[in-house]
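Everything on this sheet refers to the single structure shown next.
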Amino acid sequence: MSKGTPALIGWLGLASAALVLVVASAAVLFTPRDSADNGHWFGMVWRSLLRTMDPGTMGDDTGTGPFLALMLIATIGGIFIVSSLIGVITTGLEAKITELRKGRSQIVEHGHTVLLGWSEQVFTVVAELVEANQSKRRSCVAILANRDKVEMEDAIRDRVGDLGRTRIVCRTGDPLKVADMELVSPGTARSIMIVTPETGDADARVIKVLLSLGSRAWGHGRPHVVAAVHDSANLPAARLAGGGSAHVIDADDVAIRLIVQSHRQSGLSQVCTDLLDFVGHEFYMRCEPSLAGMTVGESLSRYDLGIPTGLRRGDGTVMLNPPMDTVISADDEIIVLAEDDLLIRLRQGPPPPVRESVITTATPREPVPDRTLMLGWNHRAPKIIELLDEFLAPGSALLVAAPREDPTGALRPRDNLKVDFVRAEPTERPSLESLDIGSFQHIIVLSEAGADHERADARTLVTLLHLRDMEDALGDPFAIVSEIHDDANREIAQVTKADDFVVSEKLISLMLTQLSENRHLYDVFVDLLDPAGSEIYLKPACDYLAPGEEADFATLIESARRRGEVALGYRLTGLFHEPPGYGVVLNPDKTAPLTLSADDRVIVLAEN
């Protein structure tokens, strides 16, 4: 009986057979005349079986007393056996359903995406994968985490909503255990994403999962693996554990670079979010044999829908914003910015005319020193200061204000940046007023070190509200860049009208999702974030088009091309604080009328 439902059913079957055989044999021995009337021994076996299975059959029996008594024994025995059998089957089915609801069965899928682990990151990733798979007939995302299967499914249903054509399959298990990992069929997956857990040893756990994947026997092929670590010191170990097929992102470095770049050019984080978000525009790679032999500069005007931004050579080398005279080869893939891969379309006729009269020449601007205020301190601050020193003009100043002992004493002297410290509480109005806020051109608000995300964001929101009120009183003298953990808090923070919000967790989730869909985009993102290559800049529109003059985006593309740049779109200052786009327009209609003011910005790929 301890062997479970199959064994119980077998024993009940044997008991039924024994009862039928005993009753049939007794009838032949003790009631030979009745048994002869009912087909002798084989007939009695059949009749005993019917009465065991269906007690109502006995109601039509006739014969001697011993014969009827034997039939009654078969009927009563059958009642107990059949009742027990029904109970065993019911219990077994309930147990199997309960086991399935626990998510402990192996899935049978091919070409699916696997998520290993659980955190808030899951909801962003699933929502992006659902959007990315809208054009596919069917797709599947399998999630393995140490949580209840039903809880995970309910949470995704509540937070993500309509899943479209994407099927979400949740399984309960530990990604560190090889047997549990087999539940999501990693060997047949298209890609595997390691979700960063919300624990103190998150990086250590990510590295362990990478090691677990590396030790697995993959057979014919191995899916590409994507993951992120939050401490730059752990990046070499993570990449070593992941091997050649894994792409590991340094989340800290990405967030730091975005904070520093947004400090220099407001709106950059929103542009990056649009480029990484499947709801907006993203990068695609596709071969265009008809463009072979053309230069990159000529290809810019050959697309009706989409903007060519670079090349992926036949040897795998990625070139973003290559020299405009670079010749496109037949085996090159063109990196195209588009809303969807189905919407990329080459122009059939001649390129749209360029309005030469509105194209302007950039005004040279000498870098000038500026003053920056950093409110708060966390582990990212030293690297932020280091990067600020590389980008700012000589003679610039940075004042760090935080409610702690001076952490800047351990920093080495900077070449272009003079760093001072004052102890202050950023959430208290008197402390902020004592800092002479109006003397700064830029303010960076960092999240509180050691606090949970909700508390840190709450303190940041209070600080931003104070700064907003002081800014109104002073007449809008400074730009504010703020670090936010939860994207939901960004929507709340819009009332503060800060210039930029860097939601690092969301940006990393979006980047991982993009890589899970196309592993070759890794080199594109590395190039975008590398100061040595081409980066995204938001430059004054008056450097490209005459302010207030009607033009079109095709003319803007040509103006940027003459400067060795690729125009991706523009940002309207009048819509700076209006969601969902916050004034950012990427890949617009090339022939639609376009009028930009001197305060608007052109979004370009450029080397400087």
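Letters A, B, ... mark the chains of the structure tokens in the order given; residue numbers begin at 1 per chain; ligand numbers begin at 1, in order shown.
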Among segment 268-503 of chain A, which ones does DSSP place in helix (DSSP H, G or I), written as a PyMOL selection string? chain A and resi 268-276+289-291+296-299+341-343+356-358+381-391+408-410+429-433+437-439+453-474+487-496
Residues near Ile384 of chain A, cut-off 9 Å, only C-alpha atoms, skip fewer than 6 positions along chain, as a PyMOL selection string: chain A and resi 256-257+259-260
Selection from above, all heavy atoms, as a PDB file, in the first residue's frame, can you write it?
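What ended up in again_39.pdb:
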ATOM      1  N   ILE A 256      25.929  53.776 -13.775  1.00  0.00           N
ATOM      2  CA  ILE A 256      26.844  54.899 -13.535  1.00  0.00           C
ATOM      3  C   ILE A 256      27.036  55.721 -14.800  1.00  0.00           C
ATOM      4  O   ILE A 256      26.990  56.957 -14.782  1.00  0.00           O
ATOM      5  CB  ILE A 256      28.194  54.370 -13.006  1.00  0.00           C
ATOM      6  CG1 ILE A 256      28.020  53.846 -11.571  1.00  0.00           C
ATOM      7  CG2 ILE A 256      29.264  55.450 -13.058  1.00  0.00           C
ATOM      8  CD1 ILE A 256      29.197  53.045 -11.076  1.00  0.00           C
ATOM      9  N   ARG A 257      27.258  55.051 -15.922  1.00  0.00           N
ATOM     10  CA  ARG A 257      27.473  55.770 -17.175  1.00  0.00           C
ATOM     11  C   ARG A 257      26.228  56.559 -17.582  1.00  0.00           C
ATOM     12  O   ARG A 257      26.334  57.677 -18.103  1.00  0.00           O
ATOM     13  CB  ARG A 257      27.881  54.802 -18.279  1.00  0.00           C
ATOM     14  CG  ARG A 257      29.266  54.201 -18.074  1.00  0.00           C
ATOM     15  CD  ARG A 257      29.730  53.393 -19.261  1.00  0.00           C
ATOM     16  NE  ARG A 257      31.042  52.810 -18.991  1.00  0.00           N
ATOM     17  CZ  ARG A 257      32.184  53.452 -19.121  1.00  0.00           C
ATOM     18  NH1 ARG A 257      32.180  54.717 -19.514  1.00  0.00           N
ATOM     19  NH2 ARG A 257      33.333  52.856 -18.859  1.00  0.00           N
ATOM     20  N   ILE A 259      23.956  57.779 -15.520  1.00  0.00           N
ATOM     21  CA  ILE A 259      23.834  58.925 -14.612  1.00  0.00           C
ATOM     22  C   ILE A 259      24.756  60.050 -15.052  1.00  0.00           C
ATOM     23  O   ILE A 259      24.361  61.227 -15.130  1.00  0.00           O
ATOM     24  CB  ILE A 259      24.133  58.496 -13.161  1.00  0.00           C
ATOM     25  CG1 ILE A 259      23.016  57.587 -12.627  1.00  0.00           C
ATOM     26  CG2 ILE A 259      24.294  59.714 -12.265  1.00  0.00           C
ATOM     27  CD1 ILE A 259      23.325  56.965 -11.279  1.00  0.00           C
ATOM     28  N   VAL A 260      26.009  59.710 -15.372  1.00  0.00           N
ATOM     29  CA  VAL A 260      26.977  60.728 -15.767  1.00  0.00           C
ATOM     30  C   VAL A 260      26.612  61.348 -17.110  1.00  0.00           C
ATOM     31  O   VAL A 260      26.658  62.574 -17.283  1.00  0.00           O
ATOM     32  CB  VAL A 260      28.396  60.118 -15.818  1.00  0.00           C
ATOM     33  CG1 VAL A 260      29.395  61.121 -16.387  1.00  0.00           C
ATOM     34  CG2 VAL A 260      28.824  59.682 -14.426  1.00  0.00           C
TER      35      VAL A 260
END
Could you list, as a list in words, every residue within 8 Å of Val481 of chain A, counting only C-alpha atoms and ignoring same-chain residues fewer than 4 positions away?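 My reading of the contact set: Ile259, Ser262, His263, Ser266, His442, Ile443, Ile444, Val445, Ala498, Asp499, Asp500, Phe501 and Val502 of chain A.
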For segment 67-73 of chain A, work out the shell of residues within 7 Å, counting only C-alpha atoms and skipping chain neighbours fewer than 6 positions away, then give it as a ChimeraX atom specification. /A:23,27,31,34,48,58
For Arg347 of chain A, which residue out of A:Leu399, A:Ile492, A:Leu291, A:Ala15 is the nearest one, using only C-alpha atoms?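 Ranking A:Leu399, A:Ile492, A:Leu291, A:Ala15 by distance to Arg347 of chain A, first place goes to A:Leu291.
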By how many Å are atom CA of Ala488 of chain A and atom CA of Leu432 of chain A apart?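 For atom CA of Ala488 of chain A relative to atom CA of Leu432 of chain A, the distance reads 26.1 Å.
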From the set A:Val566, A:Ala7, A:Val160, A:Ala541, which residue has the shortest atom-to-atom contact distance to Thr361 of chain A, counting only C-alpha atoms?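 Distance minimum relative to Thr361 of chain A lands on A:Ala541.
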Surrounding residues of Pro197 of chain A excluding itself and chain neighbours under 2 positions, 7 Å, only C-alpha atoms, as an MDAnalysis selection string: chainID A and resid 117:119 195 199 202
Go ahead and write the selection's residues with N, CA and C atoms as an mmCIF file, in the first residue's frame.
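Dumped to part-v4.cif:
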data_model
loop_
_atom_site.group_PDB
_atom_site.id
_atom_site.type_symbol
_atom_site.label_atom_id
_atom_site.label_comp_id
_atom_site.auth_asym_id
_atom_site.auth_seq_id
_atom_site.Cartn_x
_atom_site.Cartn_y
_atom_site.Cartn_z
ATOM 1 N N GLY A 117 15.035 32.001 -11.698
ATOM 2 C CA GLY A 117 14.975 32.875 -10.535
ATOM 3 C C GLY A 117 13.748 33.752 -10.566
ATOM 4 N N TRP A 118 13.580 34.532 -9.483
ATOM 5 C CA TRP A 118 12.382 35.364 -9.345
ATOM 6 C C TRP A 118 12.743 36.652 -8.623
ATOM 7 N N SER A 119 12.263 37.757 -9.162
ATOM 8 C CA SER A 119 12.368 39.066 -8.517
ATOM 9 C C SER A 119 11.415 39.991 -9.254
ATOM 10 N N VAL A 195 17.690 35.590 -13.661
ATOM 11 C CA VAL A 195 17.069 36.738 -12.996
ATOM 12 C C VAL A 195 17.855 37.069 -11.740
ATOM 13 N N THR A 199 18.390 39.630 -2.986
ATOM 14 C CA THR A 199 19.047 39.207 -1.750
ATOM 15 C C THR A 199 20.393 39.911 -1.642
ATOM 16 N N ALA A 202 23.213 38.522 -4.093
ATOM 17 C CA ALA A 202 22.631 38.318 -5.422
ATOM 18 C C ALA A 202 23.694 37.901 -6.440
#
Between A:Leu586, A:Leu343, A:Val327, A:Ile437, which one has atoms that come closest to Ala473 of chain A, using only C-alpha atoms?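 Of A:Leu586, A:Leu343, A:Val327, A:Ile437, the one nearest Ala473 of chain A, counting only C-alpha atoms, is A:Ile437.
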Fewer than 6 positions away in the same chain doesn't count, so skip those; otherwise give me all residues within 12 Å of Leu373 of chain A, counting only C-alpha atoms, as a PyMOL selection string. chain A and resi 263+385+388+396-402+418-422+424+426+432+435-446+467+478-482
Output the selection as a short mmCIF file (atom, residue, chain, number, x, y, z; two decimals), in the first residue's frame - N, CA, C and O atoms for each residue.
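New file selection_39.cif:
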data_model
loop_
_atom_site.label_atom_id
_atom_site.label_comp_id
_atom_site.auth_asym_id
_atom_site.auth_seq_id
_atom_site.Cartn_x
_atom_site.Cartn_y
_atom_site.Cartn_z
N HIS A 263 23.70 63.57 -16.74
CA HIS A 263 24.14 64.81 -16.11
C HIS A 263 24.58 65.81 -17.16
O HIS A 263 24.35 67.02 -17.05
N ILE A 385 32.12 60.05 -9.69
CA ILE A 385 33.07 61.16 -9.59
C ILE A 385 34.22 60.97 -10.57
O ILE A 385 34.68 61.91 -11.23
N LEU A 388 32.89 61.78 -14.03
CA LEU A 388 32.66 63.22 -14.16
C LEU A 388 33.98 63.96 -14.42
O LEU A 388 34.03 64.91 -15.19
N SER A 396 36.19 72.60 -12.97
CA SER A 396 34.84 72.30 -12.50
C SER A 396 34.88 71.90 -11.03
O SER A 396 35.91 71.46 -10.51
N ALA A 397 33.73 72.03 -10.37
CA ALA A 397 33.65 71.76 -8.93
C ALA A 397 32.48 70.83 -8.65
O ALA A 397 31.43 70.90 -9.30
N LEU A 398 32.68 69.96 -7.66
CA LEU A 398 31.62 69.04 -7.20
C LEU A 398 31.52 69.14 -5.69
O LEU A 398 32.52 69.00 -4.98
N LEU A 399 30.31 69.37 -5.21
CA LEU A 399 30.06 69.38 -3.77
C LEU A 399 29.20 68.18 -3.43
O LEU A 399 28.10 68.01 -3.97
N VAL A 400 29.69 67.32 -2.54
CA VAL A 400 28.95 66.15 -2.07
C VAL A 400 28.29 66.50 -0.75
O VAL A 400 28.96 66.94 0.19
N ALA A 401 26.97 66.32 -0.67
CA ALA A 401 26.23 66.58 0.57
C ALA A 401 25.49 65.30 0.96
O ALA A 401 24.63 64.82 0.21
N ALA A 402 25.84 64.74 2.11
CA ALA A 402 25.23 63.48 2.54
C ALA A 402 25.19 63.43 4.06
O ALA A 402 26.04 64.04 4.73
N LYS A 418 37.29 69.59 -8.72
CA LYS A 418 37.60 69.84 -7.31
C LYS A 418 36.42 69.33 -6.49
O LYS A 418 35.29 69.76 -6.66
N VAL A 419 36.68 68.37 -5.59
CA VAL A 419 35.63 67.71 -4.82
C VAL A 419 35.65 68.21 -3.38
O VAL A 419 36.70 68.17 -2.72
N ASP A 420 34.50 68.68 -2.88
CA ASP A 420 34.34 69.09 -1.49
C ASP A 420 33.17 68.31 -0.88
O ASP A 420 32.34 67.74 -1.60
N PHE A 421 33.13 68.32 0.44
CA PHE A 421 32.07 67.60 1.15
C PHE A 421 31.48 68.46 2.25
O PHE A 421 32.20 69.23 2.90
N VAL A 422 30.16 68.34 2.43
CA VAL A 422 29.50 68.97 3.56
C VAL A 422 28.45 67.99 4.09
O VAL A 422 27.77 67.31 3.30
N ALA A 424 25.01 67.01 5.33
CA ALA A 424 23.67 67.58 5.21
C ALA A 424 22.67 66.46 5.02
O ALA A 424 23.02 65.35 4.59
N PRO A 426 19.58 65.49 2.85
CA PRO A 426 18.89 65.93 1.62
C PRO A 426 17.37 66.01 1.73
O PRO A 426 16.75 66.71 0.93
N LEU A 432 19.06 71.80 2.71
CA LEU A 432 19.21 72.12 1.30
C LEU A 432 19.41 73.61 1.08
O LEU A 432 20.23 74.04 0.25
N LEU A 435 22.91 75.05 1.31
CA LEU A 435 23.91 74.66 0.32
C LEU A 435 24.04 75.65 -0.82
O LEU A 435 24.85 75.43 -1.73
N ASP A 436 23.25 76.74 -0.80
CA ASP A 436 23.28 77.72 -1.89
C ASP A 436 22.99 77.02 -3.23
O ASP A 436 23.81 77.01 -4.16
N ILE A 437 21.80 76.41 -3.31
CA ILE A 437 21.40 75.61 -4.46
C ILE A 437 21.54 76.38 -5.78
O ILE A 437 21.93 75.83 -6.81
N GLY A 438 21.23 77.65 -5.77
CA GLY A 438 21.24 78.43 -6.99
C GLY A 438 22.59 78.58 -7.65
O GLY A 438 22.69 78.98 -8.81
N SER A 439 23.66 78.25 -6.94
CA SER A 439 25.01 78.41 -7.52
C SER A 439 25.44 77.20 -8.34
O SER A 439 26.55 77.21 -8.91
N PHE A 440 24.61 76.18 -8.41
CA PHE A 440 24.97 74.96 -9.14
C PHE A 440 24.21 74.89 -10.47
O PHE A 440 23.05 75.28 -10.56
N GLN A 441 24.89 74.37 -11.50
CA GLN A 441 24.24 74.15 -12.80
C GLN A 441 23.60 72.76 -12.89
O GLN A 441 22.65 72.57 -13.64
N HIS A 442 24.15 71.81 -12.13
CA HIS A 442 23.66 70.42 -12.20
C HIS A 442 23.54 69.86 -10.80
O HIS A 442 24.37 70.16 -9.93
N ILE A 443 22.51 69.02 -10.59
CA ILE A 443 22.32 68.33 -9.31
C ILE A 443 22.09 66.85 -9.59
O ILE A 443 21.26 66.49 -10.44
N ILE A 444 22.83 66.01 -8.89
CA ILE A 444 22.66 64.55 -8.98
C ILE A 444 22.12 64.07 -7.65
O ILE A 444 22.74 64.32 -6.60
N VAL A 445 20.98 63.39 -7.66
CA VAL A 445 20.37 62.86 -6.44
C VAL A 445 20.55 61.35 -6.46
O VAL A 445 19.96 60.65 -7.29
N LEU A 446 21.38 60.84 -5.53
CA LEU A 446 21.62 59.40 -5.44
C LEU A 446 20.72 58.78 -4.38
O LEU A 446 20.35 59.43 -3.39
N LEU A 467 13.63 70.32 -3.99
CA LEU A 467 14.41 70.95 -5.05
C LEU A 467 13.51 71.64 -6.07
O LEU A 467 13.82 72.74 -6.55
N PHE A 478 18.94 75.21 -12.55
CA PHE A 478 19.77 74.01 -12.57
C PHE A 478 19.02 72.82 -13.15
O PHE A 478 17.79 72.79 -13.24
N ALA A 479 19.78 71.80 -13.57
CA ALA A 479 19.24 70.55 -14.10
C ALA A 479 19.40 69.47 -13.04
O ALA A 479 20.42 69.41 -12.34
N ILE A 480 18.39 68.60 -12.92
CA ILE A 480 18.39 67.56 -11.88
C ILE A 480 18.37 66.19 -12.53
O ILE A 480 17.53 65.90 -13.40
N VAL A 481 19.30 65.32 -12.12
CA VAL A 481 19.32 63.92 -12.52
C VAL A 481 19.15 63.09 -11.26
O VAL A 481 19.88 63.28 -10.29
N SER A 482 18.18 62.18 -11.29
CA SER A 482 17.87 61.41 -10.09
C SER A 482 17.94 59.91 -10.37
O SER A 482 17.61 59.45 -11.47
#
Near Thr188 of chain A, counting only C-alpha atoms, which residues have an atom at most 10 Å away, once you skip same-chain residues fewer than 5 positions from it, shown as a list in words?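 Once the adjacent positions are removed, what remains is Val108, Glu109, His110, Gly111, His112, Thr113, Val114, Trp218, Gly219, His220, Gly221, Arg222 and Pro223 of chain A.
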With a cut-off of 10 Å, could you pull out the residues of segment 302-331 of chain A touching segment 271-287 of chain A and give me the nearest pair of atoms for each, distance in Å to one decimal, using only C-alpha atoms, ordered by chain and ascending number, as a Markdown table?
| residue | atom | partner | partner_atom | distance |
| --- | --- | --- | --- | --- |
| A:Gly306 | CA | A:His281 | CA | 9.4 |
| A:Ile307 | CA | A:Phe283 | CA | 9.4 |
| A:Pro308 | CA | A:Phe283 | CA | 9.3 |
| A:Thr309 | CA | A:Phe283 | CA | 8.6 |
| A:Gly310 | CA | A:Met285 | CA | 9.4 |
| A:Leu311 | CA | A:Met285 | CA | 8.4 |
| A:Arg312 | CA | A:Met285 | CA | 7.8 |
| A:Ser329 | CA | A:Cys287 | CA | 9.8 |
| A:Ala330 | CA | A:Cys287 | CA | 7.9 |
| A:Asp331 | CA | A:Cys287 | CA | 7.3 |
Store the residues picked out above in a file with all heavy atoms, as a JSON list (two decimals), in the first residue's frame.
[["chain", "number", "residue", "atom", "x", "y", "z"],
["A", 306, "GLY", "N", 12.69, 52.98, -41.11],
["A", 306, "GLY", "CA", 13.91, 52.49, -40.49],
["A", 306, "GLY", "C", 15.09, 53.40, -40.76],
["A", 306, "GLY", "O", 15.14, 54.12, -41.76],
["A", 307, "ILE", "N", 16.04, 53.39, -39.83],
["A", 307, "ILE", "CA", 17.25, 54.21, -39.95],
["A", 307, "ILE", "C", 18.46, 53.30, -39.81],
["A", 307, "ILE", "O", 18.66, 52.68, -38.75],
["A", 307, "ILE", "CB", 17.31, 55.30, -38.86],
["A", 307, "ILE", "CG1", 16.07, 56.20, -38.94],
["A", 307, "ILE", "CG2", 18.58, 56.13, -38.99],
["A", 307, "ILE", "CD1", 15.97, 57.19, -37.80],
["A", 308, "PRO", "N", 19.30, 53.15, -40.85],
["A", 308, "PRO", "CA", 20.53, 52.36, -40.71],
["A", 308, "PRO", "C", 21.52, 53.08, -39.79],
["A", 308, "PRO", "O", 21.82, 54.26, -39.99],
["A", 308, "PRO", "CB", 21.05, 52.27, -42.15],
["A", 308, "PRO", "CG", 20.45, 53.43, -42.86],
["A", 308, "PRO", "CD", 19.13, 53.71, -42.20],
["A", 309, "THR", "N", 21.98, 52.37, -38.78],
["A", 309, "THR", "CA", 22.87, 52.99, -37.78],
["A", 309, "THR", "C", 24.27, 52.39, -37.76],
["A", 309, "THR", "O", 25.14, 52.91, -37.08],
["A", 309, "THR", "CB", 22.26, 52.86, -36.38],
["A", 309, "THR", "OG1", 22.10, 51.46, -36.06],
["A", 309, "THR", "CG2", 20.91, 53.54, -36.30],
["A", 310, "GLY", "N", 24.48, 51.28, -38.47],
["A", 310, "GLY", "CA", 25.79, 50.65, -38.46],
["A", 310, "GLY", "C", 25.78, 49.35, -39.22],
["A", 310, "GLY", "O", 24.81, 48.99, -39.89],
["A", 311, "LEU", "N", 26.89, 48.62, -39.09],
["A", 311, "LEU", "CA", 27.06, 47.36, -39.81],
["A", 311, "LEU", "C", 27.55, 46.27, -38.87],
["A", 311, "LEU", "O", 28.27, 46.54, -37.91],
["A", 311, "LEU", "CB", 28.09, 47.52, -40.94],
["A", 311, "LEU", "CG", 27.82, 48.56, -42.03],
["A", 311, "LEU", "CD1", 29.02, 48.65, -42.96],
["A", 311, "LEU", "CD2", 26.56, 48.22, -42.81],
["A", 312, "ARG", "N", 27.13, 45.06, -39.15],
["A", 312, "ARG", "CA", 27.73, 43.87, -38.53],
["A", 312, "ARG", "C", 28.41, 43.11, -39.65],
["A", 312, "ARG", "O", 27.75, 42.55, -40.53],
["A", 312, "ARG", "CB", 26.69, 43.01, -37.83],
["A", 312, "ARG", "CG", 27.30, 41.78, -37.15],
["A", 312, "ARG", "CD", 26.27, 41.01, -36.34],
["A", 312, "ARG", "NE", 26.87, 39.87, -35.69],
["A", 312, "ARG", "CZ", 26.92, 38.63, -36.21],
["A", 312, "ARG", "NH1", 26.37, 38.40, -37.40],
["A", 312, "ARG", "NH2", 27.49, 37.64, -35.57],
["A", 329, "SER", "N", 29.27, 45.52, -47.82],
["A", 329, "SER", "CA", 29.54, 44.27, -48.52],
["A", 329, "SER", "C", 28.29, 43.40, -48.57],
["A", 329, "SER", "O", 27.33, 43.61, -47.81],
["A", 329, "SER", "CB", 30.67, 43.50, -47.82],
["A", 329, "SER", "OG", 31.84, 44.28, -47.75],
["A", 330, "ALA", "N", 28.32, 42.39, -49.45],
["A", 330, "ALA", "CA", 27.15, 41.52, -49.63],
["A", 330, "ALA", "C", 26.86, 40.70, -48.39],
["A", 330, "ALA", "O", 25.70, 40.35, -48.13],
["A", 330, "ALA", "CB", 27.37, 40.61, -50.84],
["A", 331, "ASP", "N", 27.90, 40.36, -47.60],
["A", 331, "ASP", "CA", 27.68, 39.53, -46.42],
["A", 331, "ASP", "C", 27.52, 40.36, -45.15],
["A", 331, "ASP", "O", 27.50, 39.81, -44.05],
["A", 331, "ASP", "CB", 28.83, 38.54, -46.24],
["A", 331, "ASP", "CG", 30.18, 39.23, -46.08],
["A", 331, "ASP", "OD1", 30.26, 40.45, -46.36],
["A", 331, "ASP", "OD2", 31.15, 38.55, -45.68]]
Which residue gives the smallest distance to Thr166 of chain A among A:Ala237, A:Ala456, A:Leu116, A:Ala132, with only C-alpha atoms counted?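 Among the listed residues, the smallest separation from Thr166 of chain A belongs to A:Ala132.
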In Å, how far is it from atom CA of Arg345 of chain A to atom CA of Asp304 of chain A?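 The value is 5.6 Å.
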Could you write out, as an MDAnalysis selection string, all the residues of segment 54-266 of chain A that DSSP marks as strand (DSSP E)? chainID A and resid 113:116 139:145 166:172 191:194 224:229 246:250
To one decimal place, how far is atom CA of Thr427 of chain A from atom CA of Thr463 of chain A in Å?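 Pair atom CA of Thr427 of chain A / atom CA of Thr463 of chain A returns 4.8 Å.
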So which one's closest to Phe576 of chain A, A:Asp600, A:Arg157, A:Arg423, A:Glu505? Using only C-alpha atoms, please.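 Of A:Asp600, A:Arg157, A:Arg423, A:Glu505, the one nearest Phe576 of chain A is A:Asp600, counting only C-alpha atoms.
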Selected residue of minimal separation from Glu425 of chain A among A:Val206, A:Val462, A:Ala17, A:Leu568, counting only C-alpha atoms: A:Val462
